[in-house]
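Asker: My structure file query.csv, CSV, C-alpha atoms and all ligand atoms, is below:
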chain,number,residue,atom,x,y,z
A,1,MET,CA,-210.8,56.2,-116.9
A,2,ARG,CA,-207.2,55.1,-117.2
A,3,THR,CA,-204.4,57.0,-115.5
A,4,LYS,CA,-201.7,58.1,-117.9
A,5,ILE,CA,-198.2,56.6,-117.1
A,6,VAL,CA,-195.0,58.2,-118.4
A,7,ALA,CA,-191.9,56.1,-118.0
A,8,GLY,CA,-188.3,57.1,-118.7
A,9,ASN,CA,-186.1,54.4,-120.0
A,10,TRP,CA,-182.5,55.6,-119.4
A,11,LYS,CA,-181.0,52.7,-121.3
A,12,MET,CA,-177.2,52.4,-120.9
A,13,ASN,CA,-176.8,56.0,-119.9
A,14,ASN,CA,-175.7,57.8,-116.7
A,15,ASP,CA,-173.2,56.5,-114.2
A,16,LEU,CA,-173.9,56.8,-110.5
A,17,TYR,CA,-173.0,60.5,-110.3
A,18,SER,CA,-174.9,61.7,-113.3
A,19,SER,CA,-177.9,59.5,-112.1
A,20,ILE,CA,-177.9,61.4,-108.8
A,21,ASN,CA,-177.8,64.7,-110.7
A,22,LEU,CA,-180.6,63.8,-113.1
A,23,ILE,CA,-182.9,62.4,-110.4
A,24,SER,CA,-182.3,65.6,-108.3
A,25,HIS,CA,-183.3,67.8,-111.2
A,26,ILE,CA,-186.4,65.7,-112.0
A,27,LYS,CA,-187.5,65.8,-108.4
A,28,ASN,CA,-187.0,69.5,-108.0
A,29,GLU,CA,-189.0,70.2,-111.2
A,30,LEU,CA,-191.8,67.8,-110.3
A,31,ASN,CA,-192.1,69.3,-106.8
A,32,LYS,CA,-193.2,72.6,-108.3
A,33,ASN,CA,-196.5,71.0,-109.4
A,34,LYS,CA,-198.9,68.2,-108.6
A,35,PHE,CA,-199.4,65.7,-111.4
A,36,GLU,CA,-202.1,63.2,-112.0
A,37,THR,CA,-199.8,61.3,-114.4
A,38,LYS,CA,-197.9,58.4,-112.9
A,39,ILE,CA,-194.2,58.8,-113.4
A,40,ILE,CA,-191.6,56.0,-113.5
A,41,ILE,CA,-187.9,56.2,-114.1
A,42,CYS,CA,-185.8,53.2,-115.1
A,43,PRO,CA,-182.1,53.9,-114.5
A,44,PRO,CA,-179.4,51.3,-115.1
A,45,PHE,CA,-178.9,48.6,-112.5
A,46,THR,CA,-175.9,50.3,-110.9
A,47,SER,CA,-178.0,53.3,-110.0
A,48,LEU,CA,-181.1,51.6,-108.7
A,49,GLU,CA,-180.3,51.4,-105.1
A,50,THR,CA,-179.3,55.1,-104.9
A,51,ALA,CA,-182.2,56.1,-107.0
A,52,SER,CA,-184.5,54.3,-104.6
A,53,THR,CA,-183.1,56.2,-101.7
A,54,LEU,CA,-183.4,59.5,-103.5
A,55,LEU,CA,-186.9,58.9,-104.6
A,56,LYS,CA,-188.2,58.1,-101.1
A,57,GLY,CA,-191.1,60.4,-100.2
A,58,SER,CA,-191.5,61.5,-103.9
A,59,SER,CA,-194.3,60.5,-106.2
A,60,ILE,CA,-191.9,59.0,-108.7
A,61,PHE,CA,-191.8,55.2,-109.1
A,62,LEU,CA,-188.7,53.1,-109.8
A,63,GLY,CA,-188.3,50.5,-112.5
A,64,ALA,CA,-185.5,48.3,-114.0
A,65,GLN,CA,-184.8,47.9,-117.7
A,66,ASN,CA,-184.6,44.1,-117.7
A,67,MET,CA,-184.1,41.1,-115.4
A,68,TYR,CA,-183.6,37.3,-115.7
A,69,CYS,CA,-186.4,34.9,-115.0
A,70,GLU,CA,-184.7,32.9,-112.2
A,71,GLU,CA,-184.6,33.7,-108.5
A,72,SER,CA,-180.8,33.0,-108.1
A,73,GLY,CA,-178.1,30.6,-109.4
A,74,ALA,CA,-175.4,30.2,-112.0
A,75,PHE,CA,-176.5,32.9,-114.5
A,76,THR,CA,-173.3,35.0,-114.7
A,77,GLY,CA,-174.1,38.6,-115.4
A,78,GLU,CA,-177.8,38.4,-114.8
A,79,ILE,CA,-180.0,40.1,-112.2
A,80,SER,CA,-183.0,38.4,-110.5
A,81,PRO,CA,-186.4,39.6,-109.6
A,82,LEU,CA,-185.6,39.3,-105.9
A,83,MET,CA,-182.5,41.5,-106.4
A,84,LEU,CA,-184.6,44.2,-108.0
A,85,LYS,CA,-187.2,44.0,-105.2
A,86,SER,CA,-184.4,44.3,-102.6
A,87,VAL,CA,-183.3,47.7,-104.1
A,88,GLY,CA,-186.8,49.1,-104.1
A,89,CYS,CA,-187.9,48.5,-107.7
A,90,GLU,CA,-191.6,48.2,-108.4
A,91,TYR,CA,-191.6,48.0,-112.2
A,92,VAL,CA,-189.5,46.2,-114.8
A,93,VAL,CA,-189.3,46.7,-118.6
A,94,LEU,CA,-189.4,43.4,-120.3
A,95,GLY,CA,-189.0,42.4,-124.0
A,96,HIS,CA,-187.6,45.8,-125.1
A,97,SER,CA,-186.7,45.7,-128.8
A,98,GLU,CA,-183.0,46.3,-128.0
A,99,ARG,CA,-183.1,43.1,-125.8
A,100,ARG,CA,-184.9,41.2,-128.6
A,101,THR,CA,-182.7,42.3,-131.4
A,102,ILE,CA,-179.2,42.8,-129.9
A,103,PHE,CA,-179.5,40.0,-127.2
A,104,GLN,CA,-181.8,37.7,-129.2
A,105,GLU,CA,-184.5,37.5,-126.6
A,106,SER,CA,-187.4,35.4,-127.8
A,107,ASN,CA,-191.1,35.7,-127.1
A,108,GLN,CA,-190.7,32.5,-125.0
A,109,LEU,CA,-188.0,34.1,-122.8
A,110,VAL,CA,-190.0,37.3,-122.5
A,111,ASN,CA,-193.0,35.1,-121.4
A,112,GLN,CA,-190.8,33.4,-118.7
A,113,LYS,CA,-189.7,36.8,-117.5
A,114,ILE,CA,-193.2,38.1,-117.2
A,115,ARG,CA,-194.1,35.0,-115.3
A,116,ALA,CA,-191.2,35.7,-112.9
A,117,ALA,CA,-192.2,39.4,-112.6
A,118,VAL,CA,-195.8,38.3,-111.6
A,119,LYS,CA,-194.5,35.7,-109.2
A,120,TYR,CA,-192.3,38.2,-107.3
A,121,SER,CA,-194.9,41.1,-107.6
A,122,LEU,CA,-192.9,43.3,-110.0
A,123,LYS,CA,-195.1,45.2,-112.4
A,124,PRO,CA,-194.1,44.3,-116.0
A,125,ILE,CA,-193.9,46.9,-118.8
A,126,PHE,CA,-194.1,44.4,-121.7
A,127,CYS,CA,-192.7,45.9,-124.9
A,128,ILE,CA,-193.8,44.9,-128.4
A,129,GLY,CA,-193.4,46.4,-131.8
A,130,GLU,CA,-192.7,45.7,-135.5
A,131,THR,CA,-189.6,46.4,-137.5
A,132,LEU,CA,-189.6,48.7,-140.5
A,133,LYS,CA,-189.4,45.7,-142.9
A,134,GLU,CA,-192.3,44.1,-141.2
A,135,ARG,CA,-194.4,47.3,-141.5
A,136,GLU,CA,-193.5,47.7,-145.1
A,137,GLN,CA,-194.6,44.1,-145.8
A,138,ASN,CA,-197.9,44.8,-144.0
A,139,LYS,CA,-197.1,42.3,-141.2
A,140,THR,CA,-197.5,44.8,-138.3
A,141,PHE,CA,-200.6,43.3,-136.9
A,142,ASP,CA,-199.4,39.7,-137.3
A,143,VAL,CA,-196.1,40.5,-135.5
A,144,ILE,CA,-197.9,42.3,-132.7
A,145,GLU,CA,-200.4,39.5,-132.3
A,146,LYS,CA,-197.7,36.8,-132.2
A,147,GLN,CA,-195.7,38.8,-129.6
A,148,ILE,CA,-198.8,39.3,-127.4
A,149,ARG,CA,-200.1,35.7,-127.7
A,150,GLU,CA,-196.7,34.1,-127.1
A,151,GLY,CA,-195.6,36.7,-124.5
A,152,LEU,CA,-198.8,36.3,-122.4
A,153,GLU,CA,-199.3,32.6,-123.0
A,154,GLY,CA,-200.5,30.7,-120.0
A,155,PHE,CA,-201.6,33.7,-118.0
A,156,ASN,CA,-205.1,34.5,-116.8
A,157,GLU,CA,-206.2,38.0,-116.4
A,158,ASN,CA,-206.1,37.9,-112.6
A,159,GLU,CA,-202.4,37.4,-112.7
A,160,LEU,CA,-201.9,40.4,-115.0
A,161,GLY,CA,-203.6,43.1,-113.0
A,162,ASN,CA,-200.3,45.1,-113.0
A,163,LEU,CA,-199.4,44.6,-116.6
A,164,ILE,CA,-198.5,47.5,-118.8
A,165,ILE,CA,-198.0,47.1,-122.5
A,166,ALA,CA,-195.7,49.4,-124.4
A,167,TYR,CA,-196.1,49.6,-128.1
A,168,GLU,CA,-192.8,50.6,-129.6
A,169,PRO,CA,-192.4,50.4,-133.3
A,170,VAL,CA,-188.7,49.4,-133.8
A,171,TRP,CA,-188.3,51.9,-136.6
A,172,ALA,CA,-189.3,54.7,-134.4
A,173,ILE,CA,-186.9,53.9,-131.5
A,174,GLY,CA,-184.0,56.3,-131.3
A,175,THR,CA,-184.5,57.4,-134.9
A,176,GLY,CA,-186.2,60.7,-134.3
A,177,ARG,CA,-189.0,59.4,-136.5
A,178,ASN,CA,-192.1,58.8,-134.3
A,179,ALA,CA,-195.2,57.0,-135.5
A,180,SER,CA,-197.9,59.5,-136.3
A,181,PRO,CA,-200.7,59.7,-133.7
A,182,GLU,CA,-203.0,58.0,-136.2
A,183,GLN,CA,-200.5,55.1,-136.9
A,184,ALA,CA,-199.9,54.6,-133.2
A,185,GLN,CA,-203.7,54.8,-132.4
A,186,GLU,CA,-204.4,52.2,-135.1
A,187,VAL,CA,-202.1,49.7,-133.5
A,188,HIS,CA,-203.1,50.5,-129.9
A,189,LYS,CA,-206.7,49.9,-130.8
A,190,PHE,CA,-205.8,46.6,-132.4
A,191,ILE,CA,-203.9,45.6,-129.2
A,192,ARG,CA,-206.8,46.5,-127.0
A,193,LYS,CA,-209.2,44.5,-129.2
A,194,LEU,CA,-206.8,41.5,-129.2
A,195,ILE,CA,-206.5,41.7,-125.4
A,196,GLU,CA,-210.3,41.7,-125.2
A,197,LYS,CA,-210.4,38.6,-127.3
A,198,ILE,CA,-207.8,36.8,-125.2
A,199,PHE,CA,-209.0,37.9,-121.8
A,200,SER,CA,-212.1,40.1,-121.3
A,201,SER,CA,-213.5,43.5,-122.2
A,202,THR,CA,-213.1,44.8,-118.6
A,203,PHE,CA,-209.5,43.8,-118.6
A,204,ALA,CA,-208.8,45.3,-122.0
A,205,GLU,CA,-210.6,48.5,-121.0
A,206,ASN,CA,-208.5,49.0,-117.9
A,207,LEU,CA,-205.1,48.0,-119.5
A,208,ILE,CA,-202.5,50.7,-119.8
A,209,ILE,CA,-201.0,50.8,-123.3
A,210,GLN,CA,-198.0,53.2,-123.6
A,211,TYR,CA,-196.5,54.4,-126.9
A,212,GLY,CA,-192.7,54.5,-127.2
A,213,GLY,CA,-190.4,55.6,-130.1
A,214,SER,CA,-189.0,59.1,-130.4
A,215,VAL,CA,-191.5,60.6,-128.0
A,216,LYS,CA,-190.5,64.2,-127.4
A,217,PRO,CA,-192.2,67.4,-126.1
A,218,GLU,CA,-193.1,68.3,-129.7
A,219,ASN,CA,-195.2,65.2,-130.3
A,220,SER,CA,-196.1,63.8,-126.9
A,221,LYS,CA,-199.4,65.7,-126.5
A,222,ASP,CA,-200.8,64.6,-129.9
A,223,LEU,CA,-199.8,61.0,-129.3
A,224,MET,CA,-201.2,60.8,-125.8
A,225,SER,CA,-204.5,62.5,-126.7
A,226,GLN,CA,-205.4,59.5,-128.8
A,227,PRO,CA,-208.1,57.4,-127.2
A,228,ASP,CA,-206.1,54.2,-126.8
A,229,ILE,CA,-202.7,55.8,-125.9
A,230,ASP,CA,-202.3,55.8,-122.2
A,231,GLY,CA,-198.9,57.3,-121.7
A,232,ALA,CA,-195.4,57.0,-123.1
A,233,LEU,CA,-192.2,55.0,-122.7
A,234,VAL,CA,-189.5,57.6,-123.3
A,235,GLY,CA,-185.9,57.0,-124.2
A,236,GLY,CA,-183.7,59.9,-125.4
A,237,ALA,CA,-186.0,62.7,-124.2
A,238,CYS,CA,-186.0,61.4,-120.6
A,239,LEU,CA,-182.3,62.0,-120.2
A,240,LYS,CA,-182.9,65.8,-119.7
A,241,SER,CA,-185.2,66.8,-116.9
A,242,ASP,CA,-186.8,69.7,-118.8
A,243,SER,CA,-187.8,67.6,-121.8
A,244,PHE,CA,-189.0,64.7,-119.6
A,245,LEU,CA,-191.0,67.2,-117.6
A,246,LYS,CA,-192.6,68.7,-120.7
A,247,ILE,CA,-193.7,65.2,-121.8
A,248,ILE,CA,-195.2,64.6,-118.3
A,249,GLU,CA,-197.0,68.0,-118.5
A,250,SER,CA,-198.4,67.1,-121.9
A,251,ALA,CA,-199.9,63.9,-120.5
A,252,GLU,CA,-202.0,65.9,-117.9
B,1,LIG,P1,-186.5,56.7,-127.8
B,1,LIG,O1,-186.5,55.3,-127.1
B,1,LIG,O2,-187.5,57.6,-127.1
B,1,LIG,O3,-185.1,57.2,-127.7
B,1,LIG,O4,-186.9,56.5,-129.2
B,1,LIG,C1,-187.7,54.7,-126.6
B,1,LIG,C2,-187.5,53.4,-126.0
B,1,LIG,O5,-186.6,52.6,-126.5
B,1,LIG,O6,-188.1,53.0,-125.0
Please go through the file and, once you have read it, give me the structure as structure tokens.
Ligand code: PGA
Answerer:
Amino acid sequence: MRTKIVAGNWKMNNDLYSSINLISHIKNELNKNKFETKIIICPPFTSLETASTLLKGSSIFLGAQNMYCEESGAFTGEISPLMLKSVGCEYVVLGHSERRTIFQESNQLVNQKIRAAVKYSLKPIFCIGETLKEREQNKTFDVIEKQIREGLEGFNENELGNLIIAYEPVWAIGTGRNASPEQAQEVHKFIRKLIEKIFSSTFAENLIIQYGGSVKPENSKDLMSQPDIDGALVGGACLKSDSFLKIIESAE
């Protein structure tokens, strides 16, 4: 039985003060109930240290939205895995489609970043997903397969015990147009089968595969009740504590 994981990707939202506010609200709401679902929040870099302090003693885990693959050095503007560890991060989102499209991150760079995450014991949330054009040209499975094979090239399954995959169709991100539960399930099943082919059936069976792309309280239950959907990576709807909480409740 896989535990559901709901992660909130804040993207480039919330300065330090609004981060403190949002975290306090989420914590207060979550304190009212006990949840089986694992909850992760991924604020911007500038709020991570404060978030880590605020989250001490809570059951919410902390993640970053990106990092570079080197430990230190002349990489102006980048953040290293060790820096993330030093401020209390446990997870890191890698290969998000906004990184791939706006900042031209390749499968090869994402692979190096996953390698660095594994080396420094950060848990990678590895994002993959097709564009609308690719879906319309019936290339979804080819694109997903290439992203997975190249992103996970050179790894053995023992190194990837903490891997989470997030399937996020690019056309569903921030558009309000989510994949239907059936569309998402079809791709999640394909991903699990492919992982089984590359690694093993036990590894595939235990792998958490989140769905992301316009997840909101109105669609989260239907999406997460699909057999191969093990949680959600939430953007817009995680910026308000009540909608984020409703999504977590629907995962239970
Ligand atoms: P969205 O973003 O929920 O706003 O569509 C999801 C994501 O980018 O992870």
Asker: Starting from the point (-190.3, 35.9, -123.4), work out which residues of protein, DNA or RNA have an atom no more than 12 Å away when counting all atoms listed in the file; state them as number ranges by chain.
Answerer: A: 66-69, 93-97, 99-100, 104-117, 124, 126-128, 146-154
Asker: Could you list, as an MDAnalysis selection string, all protein and nucleic acid residues with an atom at most 9 Å from ligand LIG 1 (chain B), counting all atoms listed in the file?
Answerer: chainID A and resid 7:11 96:98 127 166 168 170:178 211:216 232:238
Asker: Which value, in Å to one decimal, gives the distance between CA of Lys56 (chain A) and CA of Asn206 (chain A)?
Answerer: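 Distance reported for this atom pair: 27.9 Å.
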Asker: Hey, which of A:Lys4, A:Ala74, A:Pro44, A:Asn14 ends up closest to Leu62 (chain A)? Count only C-alpha atoms.
Answerer: A:Pro44
Asker: Quick check, in Å to one decimal: how far apart do CA of Gly88 (chain A) and CA of Ser52 (chain A) lie?
Answerer: 5.7 Å
Asker: Quick one: residues within 10 Å of Leu84 (chain A), all atoms listed in the file, excluding same-chain residues fewer than 3 positions away - as a VMD selection string?
Answerer: chain A and resid 45 48 to 49 62 to 64 66 to 67 79 to 81 87 to 92 120 122
Asker: Keeping only C-alpha atoms, take the residues you just selected and write them out as a tab-separated table (two decimals), keeping the file's coordinate frame.
Answerer:
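The resulting file, out-v1.tsv, is shown below:
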chain	number	residue	atom	x	y	z
A	45	PHE	CA	-178.90	48.60	-112.50
A	48	LEU	CA	-181.10	51.60	-108.70
A	49	GLU	CA	-180.30	51.40	-105.10
A	62	LEU	CA	-188.70	53.10	-109.80
A	63	GLY	CA	-188.30	50.50	-112.50
A	64	ALA	CA	-185.50	48.30	-114.00
A	66	ASN	CA	-184.60	44.10	-117.70
A	67	MET	CA	-184.10	41.10	-115.40
A	79	ILE	CA	-180.00	40.10	-112.20
A	80	SER	CA	-183.00	38.40	-110.50
A	81	PRO	CA	-186.40	39.60	-109.60
A	87	VAL	CA	-183.30	47.70	-104.10
A	88	GLY	CA	-186.80	49.10	-104.10
A	89	CYS	CA	-187.90	48.50	-107.70
A	90	GLU	CA	-191.60	48.20	-108.40
A	91	TYR	CA	-191.60	48.00	-112.20
A	92	VAL	CA	-189.50	46.20	-114.80
A	120	TYR	CA	-192.30	38.20	-107.30
A	122	LEU	CA	-192.90	43.30	-110.00
Asker: How many Å lie between CA of Ser243 (chain A) and CA of Ser59 (chain A), rounded to one decimal?
Answerer: 18.3 Å
Asker: When you count all atoms listed in the file, which of these residues is closest to Leu82 (chain A): A:Ile60, A:Ile39, A:Ala184, A:Val118?
Answerer: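 Of A:Ile60, A:Ile39, A:Ala184, A:Val118, the one nearest Leu82 (chain A), counting all atoms listed in the file, is A:Val118.
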Asker: Mind checking which residues fall within 9 Å of Lys246 (chain A), counting only C-alpha atoms, ignoring those fewer than 5 positions away in the same chain, and posting them as an NGL selection string?
Answerer: :A and (216-217 or 220 or 241 or 251)
Asker: When distances are computed from all atoms listed in the file, which of A:Glu252, A:Gln65, A:Ile165, A:Leu245 shows the smallest separation from Asn28 (chain A)?
Answerer: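 Closest to Asn28 (chain A) of all the choices is A:Leu245.
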